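Pasted below: upload_12.txt, compact mmCIF, C-alpha atoms.
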```txt
# COMPACT_ATOMS: atom_id res chain seq x y z
CA MET E 300 129.16 104.94 83.10
CA ASN E 301 131.24 107.95 82.09
CA PHE E 302 130.79 110.39 79.24
CA CYS E 303 133.44 112.40 77.46
CA SER E 304 133.55 115.98 78.69
CA ALA E 305 134.43 117.29 75.21
CA CYS E 306 132.14 115.44 72.77
CA GLY E 307 129.65 113.60 74.97
CA GLN E 308 130.58 110.14 73.69
CA GLN E 309 129.93 107.30 76.10
CA LEU E 310 133.23 106.01 77.57
CA GLU E 311 134.28 102.53 78.61
CA GLN E 312 134.85 101.78 82.29
CA ASN E 313 138.55 102.57 82.62
CA ALA E 314 139.18 104.24 79.27
CA ALA E 315 142.25 106.47 79.32
CA PHE E 316 140.93 108.61 76.45
CA CYS E 317 137.79 109.10 74.43
CA ALA E 318 137.47 106.75 71.46
CA ASN E 319 135.65 109.45 69.48
CA CYS E 320 137.68 112.65 69.97
CA GLY E 321 140.78 111.41 71.81
CA LYS E 322 140.42 113.73 74.81
CA GLN E 323 141.42 112.37 78.22
CA PRO E 324 138.52 112.24 80.69
CA ALA E 325 139.11 114.49 83.72
CA ASN E 326 138.02 111.94 86.34
CA ASN E 327 140.33 109.13 85.15
CA PRO E 328 142.99 108.50 87.79
CA GLN E 329 145.44 107.38 85.11
CA THR E 330 145.48 110.83 83.53
CA ASN E 331 146.76 112.55 86.65
CA ALA E 332 150.38 111.66 85.94
CA PRO E 333 152.11 114.13 83.61
CA HIS E 334 154.04 112.96 80.52
CA MET E 335 152.28 109.63 80.33
CA PRO E 336 154.23 107.20 78.13
CA HIS E 337 152.25 106.18 75.07
CA HIS E 338 151.74 102.56 76.06
CA HIS E 339 149.96 103.61 79.26
CA LEU E 340 147.31 105.38 77.20
CA THR E 341 146.11 102.19 75.54
CA PRO E 342 142.88 100.83 77.03
CA THR E 343 144.60 97.57 78.10
CA PRO E 344 146.81 98.46 81.07
CA SER E 345 147.98 94.85 81.42
CA ALA E 346 150.12 95.23 78.26
CA GLU E 347 153.61 93.74 78.43
CA GLN E 348 156.67 95.83 79.18
CA PRO E 349 158.43 96.99 76.02
CA GLY E 350 161.46 94.97 75.05
CA GLN E 351 160.41 92.07 77.24
CA SER E 352 161.67 89.48 74.74
CA LEU E 353 165.11 91.17 74.75
CA ALA E 354 165.14 91.09 78.55
CA LEU E 355 164.14 87.42 78.51
CA ALA E 356 166.89 86.58 76.00
CA SER E 357 169.40 88.49 78.13
CA MET E 358 168.39 86.58 81.25
CA VAL E 359 168.62 83.21 79.48
CA LEU E 360 172.06 84.08 78.09
CA GLY E 361 173.17 85.37 81.49
CA ILE E 362 172.08 82.24 83.35
CA VAL E 363 173.60 79.88 80.77
CA ALA E 364 176.82 81.96 80.85
CA LEU E 365 176.89 81.63 84.64
CA VAL E 366 176.41 77.87 84.44
CA VAL E 367 179.23 77.45 81.91
CA SER E 368 181.42 80.16 83.46
CA TYR E 369 184.30 77.69 83.83
CA THR E 370 184.59 77.42 80.02
CA PRO E 371 185.60 80.16 77.55
CA LEU E 372 182.06 79.90 76.13
CA SER E 373 180.88 82.11 79.02
CA LEU E 374 182.54 85.17 77.48
CA PHE E 375 180.73 84.63 74.18
CA LEU E 376 177.38 84.31 76.00
CA ALA E 377 177.85 87.02 78.61
CA ILE E 378 178.84 89.82 76.21
CA PRO E 379 175.64 89.44 74.08
CA GLY E 380 173.77 89.10 77.39
CA VAL E 381 174.96 92.55 78.49
CA VAL E 382 174.21 94.05 75.06
CA LEU E 383 170.68 92.56 75.01
CA ALA E 384 170.02 93.90 78.52
CA ALA E 385 171.17 97.34 77.32
CA MET E 386 168.86 97.10 74.30
CA ALA E 387 165.91 96.07 76.49
CA LYS E 388 166.59 99.01 78.81
CA ARG E 389 166.88 101.34 75.85
CA ASN E 390 163.41 100.25 74.68
CA GLY E 391 162.04 101.30 78.06
CA ASN E 392 162.04 97.93 79.79
CA LYS E 393 162.03 98.33 83.56
CA SER E 394 161.33 94.72 84.48
CA GLY E 395 163.34 92.72 86.96
CA MET E 396 164.05 90.25 84.18
CA GLY E 397 166.27 92.73 82.34
CA THR E 398 168.16 93.60 85.53
CA ALA E 399 168.54 89.89 86.36
CA GLY E 400 169.93 89.24 82.87
CA LEU E 401 172.34 92.15 83.26
CA VAL E 402 173.58 91.06 86.69
CA CYS E 403 174.00 87.39 85.65
CA SER E 404 175.84 88.38 82.46
CA ILE E 405 178.17 90.75 84.30
CA ILE E 406 179.04 88.18 86.98
CA ALA E 407 179.67 85.55 84.26
CA LEU E 408 181.77 88.09 82.36
CA ALA E 409 183.89 88.80 85.45
CA ILE E 410 184.39 85.09 86.18
CA GLY E 411 185.16 84.30 82.52
CA PHE E 412 187.59 87.22 82.38
CA SER E 413 189.49 86.03 85.47
CA PHE E 414 189.61 82.45 84.19
CA PHE E 415 190.44 82.91 80.54
CA VAL E 416 191.89 86.34 79.94
CA ALA E 417 193.62 87.37 83.14
CA CYS E 418 194.63 83.91 84.27
CA SER E 419 198.01 82.57 85.23
CA SER E 420 200.13 80.75 82.69
CA SER E 421 199.36 77.39 84.31
CA LEU E 422 195.93 77.44 82.65
CA ALA E 423 195.15 77.45 78.95
CA CYS E 424 194.46 81.16 78.71
CA PHE E 425 194.47 83.80 76.03
CA ARG E 426 196.94 86.14 77.67
CA PRO E 427 199.49 85.07 80.25
CA PHE E 428 200.09 88.46 81.89
CA TYR E 429 199.36 92.09 81.65
CA PHE E 430 201.71 94.96 81.34
CA TRP E 431 200.11 98.24 82.13
CA TRP E 432 202.42 100.85 80.66
CA MET Q 9 205.50 90.63 94.93
CA LEU Q 10 202.53 88.28 94.47
CA PRO Q 11 201.93 87.53 90.80
CA TYR Q 12 199.38 84.76 91.35
CA LEU Q 13 196.54 84.28 93.75
CA GLU Q 14 195.31 80.84 94.74
CA ILE Q 15 191.52 80.75 94.91
CA PHE Q 16 189.76 77.37 95.35
CA GLY Q 17 192.86 75.58 94.14
CA GLN Q 18 193.00 77.59 90.92
CA SER Q 19 195.68 80.18 90.40
CA PHE Q 20 194.63 83.51 88.95
CA SER Q 21 196.77 86.42 87.87
CA THR Q 22 196.71 89.02 90.64
CA TYR Q 23 196.67 91.66 87.95
CA GLY Q 24 193.33 90.51 86.55
CA ILE Q 25 191.75 90.18 90.00
CA ILE Q 26 192.97 93.66 91.00
CA GLY Q 27 191.67 94.99 87.67
CA ILE Q 28 188.18 93.70 88.43
CA ALA Q 29 188.43 94.93 92.03
CA ALA Q 30 189.44 98.39 90.74
CA LEU Q 31 186.34 98.53 88.51
CA VAL Q 32 184.06 97.45 91.36
CA ILE Q 33 185.54 99.92 93.88
CA ALA Q 34 185.42 102.76 91.34
CA ALA Q 35 181.81 101.97 90.43
CA ALA Q 36 180.81 101.79 94.10
CA THR Q 37 182.47 105.15 94.78
CA ALA Q 38 180.88 106.76 91.73
CA SER Q 39 177.44 105.47 92.72
CA LEU Q 40 177.60 107.62 95.86
CA ARG Q 41 176.59 110.33 93.39
CA ALA Q 42 174.15 108.23 91.36
CA LYS Q 43 171.12 110.05 92.77
CA LYS Q 44 172.52 113.39 91.69
CA TYR Q 45 172.66 112.20 88.08
CA ASN Q 46 169.41 110.16 88.21
CA LEU Q 47 171.12 106.85 87.50
CA THR Q 48 169.57 103.52 88.48
CA LEU Q 49 171.41 100.33 89.43
CA SER Q 50 171.24 98.96 85.89
CA ASP Q 51 172.59 102.27 84.53
CA ILE Q 52 175.59 102.00 86.87
CA LEU Q 53 176.19 98.34 85.98
CA LEU Q 54 176.02 99.08 82.26
CA VAL Q 55 178.27 102.15 82.43
CA THR Q 56 180.80 100.17 84.46
CA THR Q 57 180.77 97.28 81.98
CA PHE Q 58 181.17 99.61 79.02
CA ALA Q 59 183.96 101.55 80.77
CA GLY Q 60 185.74 98.29 81.65
CA GLY Q 61 185.46 97.09 78.06
CA GLY Q 62 186.81 100.44 76.89
CA ILE Q 63 189.84 100.24 79.19
CA PHE Q 64 190.59 96.69 78.06
CA LEU Q 65 190.08 97.16 74.32
CA GLY Q 66 191.63 100.64 74.10
CA GLY Q 67 194.67 99.73 76.19
CA SER Q 68 195.23 96.44 74.34
CA LEU Q 69 194.77 97.91 70.86
CA LEU Q 70 197.26 100.72 71.47
CA TYR Q 71 199.72 98.18 72.88
CA ALA Q 72 199.31 95.97 69.80
CA LEU Q 73 199.73 99.01 67.57
CA VAL Q 74 203.04 99.90 69.24
CA GLN Q 75 204.13 96.25 69.01
CA LEU Q 76 203.34 95.99 65.27
CA PRO Q 77 206.76 97.23 64.08
CA HIS Q 78 208.32 94.37 66.10
CA LEU Q 79 205.96 91.78 64.66
CA SER Q 80 208.72 89.94 62.81
CA ASN Q 81 210.70 89.58 66.07
CA ILE Q 82 207.60 88.28 67.87
CA ILE Q 83 206.90 85.70 65.15
CA GLU Q 84 210.53 84.60 65.29
CA HIS Q 85 210.24 84.27 69.08
CA THR Q 86 207.01 82.22 68.97
CA GLY Q 87 208.08 80.11 66.00
CA GLY Q 88 205.10 81.16 63.90
CA SER Q 89 202.39 79.82 66.25
CA PHE Q 90 199.30 81.94 65.58
CA GLY Q 91 197.88 81.79 69.12
CA ASP Q 92 201.20 82.58 70.82
CA THR Q 93 201.87 85.44 68.42
CA LEU Q 94 198.42 86.90 69.08
CA SER Q 95 198.78 86.59 72.86
CA LEU Q 96 202.19 88.32 72.77
CA LEU Q 97 200.92 91.00 70.39
CA PHE Q 98 198.01 91.72 72.77
CA GLY Q 99 200.10 90.81 75.84
CA GLY Q 100 199.81 94.20 77.51
CA MET Q 101 197.94 97.44 77.82
CA ILE Q 102 198.90 101.09 77.52
CA PHE Q 103 197.24 103.44 79.96
CA TYR Q 104 196.56 106.24 77.47
CA GLY Q 105 194.83 103.78 75.15
CA GLY Q 106 192.68 102.71 78.10
CA LEU Q 107 191.75 106.32 78.86
CA PHE Q 108 190.71 107.10 75.28
CA GLY Q 109 188.95 103.73 75.01
CA THR Q 110 186.93 104.45 78.17
CA LEU Q 111 185.90 107.93 77.06
CA LEU Q 112 184.83 106.53 73.67
CA ALA Q 113 182.97 103.55 75.16
CA VAL Q 114 181.12 105.74 77.65
CA ALA Q 115 180.20 108.18 74.87
CA ILE Q 116 178.90 105.30 72.72
CA TYR Q 117 176.92 104.04 75.72
CA ALA Q 118 175.30 107.43 76.35
CA LYS Q 119 174.50 107.86 72.65
CA PHE Q 120 173.07 104.33 72.36
CA MET Q 121 170.96 104.62 75.53
CA LYS Q 122 169.91 108.20 74.63
CA GLN Q 123 171.20 109.48 77.97
CA ASP Q 124 172.76 112.84 78.76
CA ILE Q 125 176.35 112.36 77.66
CA LYS Q 126 177.65 115.20 79.87
CA ASN Q 127 176.10 113.70 82.99
CA ILE Q 128 177.55 110.26 82.24
CA PHE Q 129 180.99 111.83 81.84
CA ARG Q 130 180.55 113.76 85.11
CA PHE Q 131 179.71 110.45 86.73
CA VAL Q 132 182.62 108.43 85.30
CA ILE Q 133 185.64 110.74 85.02
CA PRO Q 134 186.17 111.57 88.74
CA VAL Q 135 186.61 107.90 89.68
CA PHE Q 136 188.91 107.10 86.76
CA PRO Q 137 192.11 108.05 88.66
CA LEU Q 138 190.88 105.89 91.57
CA ALA Q 139 190.60 102.84 89.30
CA HIS Q 140 193.94 103.64 87.67
CA GLY Q 141 195.65 103.97 91.07
CA ILE Q 142 194.33 100.57 92.18
CA MET Q 143 195.38 98.95 88.89
CA ARG Q 144 198.92 100.23 89.36
CA LEU Q 145 199.02 98.20 92.58
CA GLY Q 146 198.41 95.23 90.29
CA CYS Q 147 201.47 96.25 88.28
CA PHE Q 148 203.45 96.21 91.50
CA ALA Q 149 202.05 92.80 92.40
CA VAL Q 150 203.04 91.18 89.12
CA GLY Q 151 206.25 93.15 88.72
CA CYS Q 152 205.65 94.94 85.41
CA CYS Q 153 206.29 98.67 84.84
CA TYR Q 154 209.22 98.49 87.27
CA GLY Q 155 211.69 101.27 87.98
CA ILE Q 156 215.42 101.77 87.54
CA GLU Q 157 217.89 100.04 89.79
CA HIS Q 158 218.62 101.79 93.08
CA SER Q 159 220.36 100.26 96.06
CA THR Q 160 218.70 102.26 98.89
CA LEU Q 161 215.23 103.20 97.55
CA GLY Q 162 214.82 100.00 95.58
CA LEU Q 163 212.70 96.96 96.40
CA ALA Q 164 213.64 93.57 94.99
CA PHE Q 165 211.09 91.23 93.39
CA THR Q 166 211.45 87.62 94.39
CA ASN Q 167 209.08 85.68 92.15
CA SER Q 168 208.04 88.05 89.38
CA PRO Q 169 207.45 86.49 85.96
CA ILE Q 170 208.36 89.81 84.28
CA ALA Q 171 210.88 91.83 86.28
CA PRO Q 172 214.39 90.45 86.89
CA ASN Q 173 214.27 88.97 90.38
CA ASP Q 174 216.50 89.83 93.37
CA THR Q 175 217.51 93.21 91.94
CA PRO Q 176 216.37 96.31 93.86
CA PHE Q 177 214.21 98.49 91.60
CA ILE Q 178 212.59 101.78 92.53
CA PRO Q 179 208.88 100.96 93.13
CA VAL Q 180 207.73 103.49 90.54
CA GLN Q 181 204.35 101.71 90.29
CA LEU Q 182 203.61 102.74 93.88
CA TYR Q 183 204.65 106.35 93.16
CA GLU Q 184 202.30 106.40 90.21
CA SER Q 185 199.55 104.87 92.33
CA ALA Q 186 200.05 107.63 94.91
CA LEU Q 187 199.95 110.26 92.15
CA ASN Q 188 196.61 108.86 90.97
CA PHE Q 189 195.12 108.74 94.47
CA ALA Q 190 196.18 112.35 95.05
CA ILE Q 191 194.54 113.42 91.78
CA PHE Q 192 191.44 111.42 92.74
CA ALA Q 193 191.14 113.25 96.07
CA ALA Q 194 191.42 116.59 94.28
CA ILE Q 195 189.02 115.78 91.44
CA TRP Q 196 186.45 114.26 93.80
CA ALA Q 197 186.29 117.58 95.67
CA TYR Q 198 186.42 119.59 92.43
CA SER Q 199 183.54 117.66 90.86
CA LYS Q 200 181.22 118.27 93.81
CA LYS Q 201 179.91 121.24 91.84
CA GLU Q 202 178.65 120.67 88.33
CA ARG Q 203 181.63 121.01 85.97
CA HIS Q 204 182.02 120.86 82.23
CA PRO Q 205 183.23 117.37 81.17
CA VAL Q 206 186.17 118.89 79.28
CA HIS Q 207 187.27 120.64 82.49
CA LEU Q 208 187.01 117.34 84.36
CA ILE Q 209 189.06 115.44 81.77
CA CYS Q 210 191.74 118.13 81.78
CA PHE Q 211 191.72 118.30 85.58
CA TYR Q 212 192.76 114.66 85.56
CA ALA Q 213 194.80 114.37 82.38
CA MET Q 214 197.04 117.45 82.74
CA PRO Q 215 198.51 116.79 86.23
CA TYR Q 216 198.77 113.12 85.36
CA ALA Q 217 200.62 113.85 82.10
CA ILE Q 218 203.12 116.07 83.94
CA GLY Q 219 203.60 113.52 86.72
CA ARG Q 220 203.88 110.67 84.24
CA PHE Q 221 206.45 112.56 82.18
CA ALA Q 222 208.60 112.94 85.30
CA LEU Q 223 208.07 109.36 86.51
CA GLU Q 224 209.06 107.96 83.10
CA PHE Q 225 212.67 108.92 83.94
CA LEU Q 226 212.49 106.47 86.86
CA ARG Q 227 211.14 103.63 84.70
CA GLY Q 228 213.56 100.80 84.14
CA ASP Q 229 211.58 98.35 81.98
CA ALA Q 230 213.54 98.37 78.79
CA GLN Q 231 211.32 96.81 76.16
CA ARG Q 232 209.13 99.85 75.57
CA GLY Q 233 209.53 101.94 72.44
CA SER Q 234 210.92 105.44 72.23
CA ILE Q 235 210.54 108.32 69.77
CA PHE Q 236 213.25 111.04 69.47
CA GLY Q 237 214.93 109.82 72.66
CA ILE Q 238 211.79 110.04 74.83
CA SER Q 239 209.47 107.17 75.61
CA THR Q 240 206.15 106.64 73.85
CA SER Q 241 204.30 107.60 77.02
CA GLN Q 242 206.27 110.83 77.39
CA PHE Q 243 205.45 111.60 73.78
CA ILE Q 244 201.73 110.98 74.44
CA SER Q 245 201.99 113.03 77.67
CA ILE Q 246 203.16 116.06 75.68
CA ALA Q 247 200.40 115.48 73.11
CA VAL Q 248 197.82 115.23 75.94
CA LEU Q 249 199.04 118.51 77.47
CA ILE Q 250 198.75 120.28 74.09
CA CYS Q 251 195.32 118.78 73.36
CA CYS Q 252 194.02 119.66 76.84
CA THR Q 253 195.21 123.27 76.51
CA ALA Q 254 193.52 123.53 73.09
CA ALA Q 255 190.33 121.93 74.43
CA LEU Q 256 190.25 124.29 77.44
CA ILE Q 257 190.64 127.37 75.20
CA PHE Q 258 188.01 126.05 72.78
CA THR Q 259 185.55 125.27 75.61
CA LYS Q 260 186.08 128.69 77.19
CA LYS Q 261 185.31 130.36 73.87
CA ARG Q 262 182.17 128.27 73.46
CA ILE Q 263 181.00 128.99 77.01
CA THR Q 264 181.54 132.76 76.67
CA ARG Q 265 179.78 132.78 73.30
CA SER Q 266 176.67 131.08 74.64
```

Written as C-alpha cells, that's how I'd like the structure from this file.
Amino acid sequence: MNFCSACGQQLEQNAAFCANCGKQPANNPQTNAPHMPHHHLTPTPSAEQPGQSLALASMVLGIVALVVSYTPLSLFLAIPGVVLAAMAKRNGNKSGMGTAGLVCSIIALAIGFSFFVACSSSLACFRPFYFWW
Amino acid sequence: MLPYLEIFGQSFSTYGIIGIAALVIAAATASLRAKKYNLTLSDILLVTTFAGGGIFLGGSLLYALVQLPHLSNIIEHTGGSFGDTLSLLFGGMIFYGGLFGTLLAVAIYAKFMKQDIKNIFRFVIPVFPLAHGIMRLGCFAVGCCYGIEHSTLGLAFTNSPIAPNDTPFIPVQLYESALNFAIFAAIWAYSKKERHPVHLICFYAMPYAIGRFALEFLRGDAQRGSIFGISTSQFISIAVLICCTAALIFTKKRITRS
C-alpha cells in the first residue's frame, strides 16, 4: 500500500494522483511520462479513446459507402465519413477504427468520383468531361 | 489521344483517372517528408482529401463564375434542362481557382485540426506543381486546352470529344506539363530547408504565371473568355504576379520587424 509523499493520505493501488491533495506519487510508473493527457490521469486506465463514437460512425459510413460504391449514394456517405474521421482525430482519437473509417471513406470517394463525376458520357454521370484551363 | 479508359468493361474518363493518380502520386511524394513535419498516415490522407476537394471545388466554382455571363446561351443550348445546364455550367475547371481552393481547404483543415498551418503548407505546396503537371497530361489525353494550329510542330487528335479531330495542334498541354515538372524539381530542392509558406507559394506561382502568360499565346481553344484583348488566365497571371510581389515585400517587412 502506498502513501502520498505530500500529505500522507493512503493511496489506491495504481492511483495516478492523490485523492486528497492531487499530487502525483513519485513511484507511479504512469507519472514518468511528461505532458500526460488529462484522461490518462483518471484512476481507470481502461477508459475509452476520446471520440470513439465518431470513429465508429466514420467506419460504418466508410464500409457502407464501399459496399454501395457503384451507386451515386457512395459520395453522400463517403464525404461525411471523411469528415467524421477528421472530427474523431481532432478529439484525440488514435484508434485503428478511425483510420479504418478514413481509409474506407477515401477509397469509396475515389471510386464514386471516377464513376459518377469523372465518368465517360456513356454512363449517367454528373459531368461528361473536364476542361482544365 | 485516349479520352476514355476501359476498366472491367466500364469506360471511365481518362481525365478523372489521371486526376486521382496525380493526387496519389503527389501525396506519396510529399509523404517522403512526413517525418520532418510529424505527420501520421491519417494526417496525410486527410490533407490529401481536403486538397483534392479544394482543387475540385475551387476550379469548378471559378469556371462556373466565368461561364455565368453566357448562362442564357447555355440554357438555349440545353433546351432548359436543369441537369444538363448544371453539368455544362460546372463542365470544367480553371487552374487558378484550383490553386486558391487548395490553399483555402488546406488552411481550413489546419485550423480545424488545430495543426501548425505553416507546416501543413510546407508539406503541401512543393508537390502542387507535380500534381498539376500530371493533370495536364490528362488534358492532353482528352484533348482539351489544345494549342493553335501548326503544320510541323502540331499533333492531330483522332478521337477527342473536345478538340477538332485530324487537325495538327501544338501540344501546349505537354509544354505546360514540362513547365510544371521543371518548377517541381526546383521547388523540391528549394524546400529542403525550412522556408516561409509565402516564399514557397511565390516560388511556384511567379514562374508559373510568367510561363502561363507566354503559353497562352499558343492556346487555340476558342471558347474561353477574354478581358481587354488578353485571356482570363493571362489577366489572372498578371494579378498573381502583382499579389506575389506585394506578399513578398510584406513578408520581408514582417520578418525583419520580428

Shell around Tyr45 of chain Q at 9 Å using all atoms listed in the file, local window under 5 positions removed, as a list in words: Asn127, Ile128, Arg130 and Phe131 of chain Q

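When only C-alpha atoms are used to measure the gap to Ile406 of chain E, the shortest distance among E:Leu310, E:Ser368, E:Asn390, E:Pro379 belongs to E:Ser368.
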
Which residue of Q:Tyr104, Q:Cys147, Q:Leu65, Q:Ala164 approaches Phe243 of chain Q most closely, using all atoms listed in the file: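 Among Q:Tyr104, Q:Cys147, Q:Leu65, Q:Ala164, it is Q:Tyr104 that comes nearest to Phe243 of chain Q.
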
Best match for closeness to Ser394 of chain E among Q:Ser21, Q:Gln242, Q:Ser50, Q:Thr110, counting all atoms listed in the file: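 Looking at the shortest contact to Ser394 of chain E, the residue is Q:Ser50.
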
Option closest in space to chain E, from Q:Tyr183, Q:Tyr198, Q:Phe16, Q:Phe103 [counting only C-alpha atoms]: Q:Phe103

Define the interface residues of chain Q facing chain E as those within 6 Å, counting all atoms listed in the file, and report them as a PDB file with C-alpha atoms, in the frame of the given file.
```
ATOM      1  CA  PHE Q  20     194.630  83.510  88.950  1.00  0.00           C
ATOM      2  CA  SER Q  21     196.770  86.420  87.870  1.00  0.00           C
ATOM      3  CA  GLY Q  24     193.330  90.510  86.550  1.00  0.00           C
ATOM      4  CA  SER Q  95     198.780  86.590  72.860  1.00  0.00           C
ATOM      5  CA  GLY Q  99     200.100  90.810  75.840  1.00  0.00           C
ATOM      6  CA  GLY Q 100     199.810  94.200  77.510  1.00  0.00           C
ATOM      7  CA  MET Q 101     197.940  97.440  77.820  1.00  0.00           C
ATOM      8  CA  ILE Q 102     198.900 101.090  77.520  1.00  0.00           C
ATOM      9  CA  PHE Q 103     197.240 103.440  79.960  1.00  0.00           C
ATOM     10  CA  MET Q 121     170.960 104.620  75.530  1.00  0.00           C
ATOM     11  CA  CYS Q 152     205.650  94.940  85.410  1.00  0.00           C
TER      12      CYS Q 152
END
```

Among the residues Q:Ile218, Q:Ala139, Q:Val74, Q:Leu249, the one that comes closest to Ile28 of chain Q [using all atoms listed in the file]: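 Of Q:Ile218, Q:Ala139, Q:Val74, Q:Leu249, the one nearest Ile28 of chain Q, counting all atoms listed in the file, is Q:Ala139.
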
Separation of atom CA of Gly380 of chain E from atom CA of Asp51 of chain Q, in Å and rounded to one decimal: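 A separation of 15.0 Å between them.
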
Selection near segment 252-257 of chain Q, 12 Å with only C-alpha atoms, sequence-local residues under 6 positions removed, as a list in words: His204, Pro205, Val206, His207, Leu208, Ile209, Cys210, Phe211, Tyr212, Ala213, Met214, Pro215, Tyr216, Ala217, Ile244, Ser245, Ile246, Ile263 and Thr264 of chain Q

Interatomic distance (Å, one decimal) between atom CA of Ala35 of chain Q and atom CA of Gly62 of chain Q: 14.5 Å

Distance in Å - atom CA of Ser199 of chain Q versus atom CA of Asp124 of chain Q: 16.9 Å

Closest of Q:Ala113, Q:Val132, Q:Lys261, Q:Ile191 to Ser39 of chain Q - atom-to-atom distances counting only C-alpha atoms: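 For Ser39 of chain Q, the nearest of the candidates is Q:Val132.
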